[in-house]
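Shown here: final10.txt, compact mmCIF, C-alpha atoms.
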```txt
# COMPACT_ATOMS: atom_id res chain seq x y z
CA MET A 45 31.17 -105.68 140.04
CA TYR A 46 28.90 -102.63 139.85
CA LYS A 47 29.60 -99.65 137.64
CA LEU A 48 28.62 -95.99 137.50
CA THR A 49 29.01 -94.17 134.19
CA VAL A 50 28.46 -90.42 133.88
CA LEU A 51 28.18 -88.81 130.44
CA TYR A 52 28.61 -85.05 130.14
CA PRO A 53 27.17 -83.15 127.16
CA GLU A 54 29.08 -80.13 125.86
CA PRO A 55 29.52 -77.51 128.63
CA ALA A 56 29.24 -73.76 128.16
CA ASP A 57 33.01 -73.40 128.76
CA ARG A 58 35.27 -76.42 128.19
CA ASP A 59 38.29 -74.97 129.99
CA ALA A 60 36.25 -74.01 133.06
CA PHE A 61 34.69 -77.50 133.13
CA VAL A 62 38.07 -79.26 132.99
CA LYS A 63 39.68 -77.00 135.58
CA TYR A 64 36.85 -77.37 138.09
CA TYR A 65 36.36 -81.07 137.36
CA GLU A 66 40.02 -81.97 137.86
CA GLN A 67 40.74 -79.64 140.79
CA THR A 68 37.49 -79.90 142.76
CA HIS A 69 35.04 -82.58 141.63
CA LEU A 70 37.35 -85.54 141.05
CA PRO A 71 39.01 -85.17 144.48
CA LEU A 72 35.50 -85.28 145.99
CA ALA A 73 34.57 -88.36 143.95
CA ALA A 74 37.81 -90.11 144.93
CA GLN A 75 36.63 -90.01 148.56
CA LEU A 76 33.51 -92.12 147.92
CA PRO A 77 33.52 -95.00 150.40
CA GLY A 78 33.80 -98.40 148.75
CA LEU A 79 35.12 -96.98 145.47
CA ARG A 80 37.33 -99.63 143.86
CA SER A 81 38.52 -97.72 140.80
CA TRP A 82 37.66 -94.73 138.63
CA ARG A 83 38.68 -93.17 135.34
CA TYR A 84 37.59 -90.30 133.12
CA SER A 85 38.23 -88.62 129.80
CA THR A 86 37.52 -85.23 128.27
CA ASN A 87 38.90 -86.38 124.92
CA ILE A 88 36.06 -88.25 123.24
CA SER A 89 36.68 -89.03 119.58
CA PRO A 90 34.35 -88.14 116.70
CA ASP A 91 32.25 -90.97 115.27
CA ALA A 92 33.32 -92.97 112.20
CA GLN A 93 31.92 -90.30 109.87
CA GLY A 94 33.84 -87.53 111.65
CA ASN A 95 30.82 -86.07 113.43
CA PRO A 96 31.53 -84.60 116.86
CA ALA A 97 30.80 -86.90 119.77
CA LYS A 98 27.49 -86.43 121.57
CA TYR A 99 29.35 -86.10 124.86
CA PHE A 100 32.27 -83.96 125.95
CA ALA A 101 33.39 -86.10 128.90
CA ILE A 102 32.87 -89.47 130.54
CA PHE A 103 33.47 -90.75 134.06
CA GLU A 104 33.46 -94.40 135.16
CA ALA A 105 33.58 -95.73 138.72
CA GLU A 106 33.51 -99.29 139.97
CA PHE A 107 32.16 -100.72 143.21
CA SER A 108 32.05 -104.28 144.54
CA ASP A 109 28.27 -104.56 144.23
CA VAL A 110 25.04 -102.58 144.15
CA ASP A 111 24.94 -102.32 147.95
CA ALA A 112 28.42 -100.74 148.04
CA PHE A 113 27.35 -98.30 145.29
CA ARG A 114 24.15 -97.32 147.10
CA ALA A 115 25.99 -96.91 150.40
CA ALA A 116 28.58 -94.69 148.71
CA MET A 117 26.01 -92.48 147.03
CA SER A 118 23.92 -92.08 150.20
CA SER A 119 26.98 -91.26 152.33
CA PRO A 120 27.92 -87.65 153.14
CA GLU A 121 30.67 -87.92 150.51
CA GLY A 122 28.20 -89.18 147.91
CA GLN A 123 25.77 -86.39 148.70
CA ALA A 124 28.60 -83.84 148.34
CA VAL A 125 29.57 -85.31 144.96
CA ALA A 126 25.97 -85.16 143.68
CA ALA A 127 25.46 -81.62 145.00
CA ASP A 128 28.66 -80.46 143.26
CA VAL A 129 27.62 -81.44 139.71
CA PRO A 130 25.72 -78.20 138.91
CA ASN A 131 28.88 -76.24 139.77
CA TYR A 132 30.64 -77.35 136.58
CA ALA A 133 28.31 -79.44 134.37
CA THR A 134 26.52 -76.59 132.58
CA GLY A 135 25.41 -79.02 129.88
CA GLY A 136 23.97 -81.41 132.45
CA ALA A 137 24.98 -84.98 133.24
CA ILE A 138 23.56 -88.36 132.36
CA THR A 139 24.19 -91.12 134.88
CA LEU A 140 23.93 -94.85 134.30
CA ASP A 141 24.57 -97.46 136.97
CA PHE A 142 24.55 -101.17 136.36
CA GLU A 143 25.85 -104.57 137.36
CA ILE A 144 28.57 -105.93 135.13
CA THR A 145 27.38 -109.35 134.04
CA GLY A 146 29.95 -110.31 131.43
CA GLY A 147 33.18 -109.31 129.77
CA ASN A 148 36.83 -110.06 129.49
CA GLU A 149 39.78 -108.62 131.42
CA THR A 150 43.16 -108.76 129.74
```
Turn this file's structure into structure tokens for me.
Amino acid sequence: MYKLTVLYPEPADRDAFVKYYEQTHLPLAAQLPGLRSWRYSTNISPDAQGNPAKYFAIFEAEFSDVDAFRAAMSSPEGQAVAADVPNYATGGAITLDFEITGGNET
């Protein structure tokens, strides 16, 4: 399994981010070829000391393997997803992609 995680720092306008993200960006992302599953949250909890989270939102997507991920991101759909990020992520976006090498499914 191969995973993409996107972390979003605080945007200039939370409501505008959520509206655009849910109505425009996520439908684009859902069209990525080879996408096995995805999930997101805009409700990240404070840390144990009550400090605000470093990130406003998180997105996770899973692909069969690195080749499926690379094919998805280089496809027209993947290029459209990447090009769309500046339209809503005023705080930027941090992307991490990696092979899952261990864990436990329940």
Checklist entry - If you count only C-alpha atoms, which residues fall within 9 Å of Ala56 in chain A, apart from same-chain ones fewer than 6 positions away, as number ranges by chain? => result A: 133-135
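Taking CA of Val50 in chain A and CA of Asp111 in chain A as the two end points, the separation is 18.8 Å.
One distance worth recording is that between CA of Thr49 in chain A and CA of Met117 in chain A, which is 13.3 Å.
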Where's the centre, and what are the edge lengths in Å to one decimal, of a box along x, y and z enclosing all listed atoms of range 64-81 of chain A padded 8 Å per side, as AutoDock Vina command-line options?
```
--center_x 37.1 --center_y -88.5 --center_z 143.9 --size_x 23.2 --size_y 38.3 --size_z 29.0
```
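The protein and nucleic acid residues lying at most 7 Å from Tyr46 in chain A are Glu106, Phe107, Ser108, Asp109, Val110, Phe142, Glu143 and Ile144 of chain A, with all atoms listed in the file considered and sequence neighbours fewer than 4 positions away removed.
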Across A:Ile102, A:Pro55, A:Leu48, A:Tyr65, the smallest distance to Ser89 in chain A, with only C-alpha atoms counted, is shown by A:Ile102
In terms of all atoms listed in the file, the residue from A:Ala112, A:Pro53, A:Gly94, A:Lys47 at minimal distance from Ala137 in chain A is A:Pro53
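We find CA of Phe61 in chain A and CA of Ser81 in chain A to be spaced 22.0 Å apart.
Taking all atoms listed in the file, the non-local environment of Ala101 in chain A within 8 Å (same-chain residues fewer than 5 positions away omitted) comprises Leu51, Tyr52, Pro53, Glu54, Tyr84, Ser85, Thr86, Asn87 and Ile88 of chain A.
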Expected file contents, prior selection, C-alpha atoms, as a tab-separated table (two decimals), in the coordinates of the input:
```
chain	number	residue	atom	x	y	z
A	51	LEU	CA	28.18	-88.81	130.44
A	52	TYR	CA	28.61	-85.05	130.14
A	53	PRO	CA	27.17	-83.15	127.16
A	54	GLU	CA	29.08	-80.13	125.86
A	84	TYR	CA	37.59	-90.30	133.12
A	85	SER	CA	38.23	-88.62	129.80
A	86	THR	CA	37.52	-85.23	128.27
A	87	ASN	CA	38.90	-86.38	124.92
A	88	ILE	CA	36.06	-88.25	123.24
```
Across A:Pro77, A:Glu66, A:Pro71, A:Glu149, the smallest distance to Phe113 in chain A, with only C-alpha atoms counted, is shown by A:Pro77
Using all atoms listed in the file, the best pick from A:Tyr99, A:Leu70, A:Val125, A:Ser119 as closest to Ile138 in chain A would be A:Tyr99
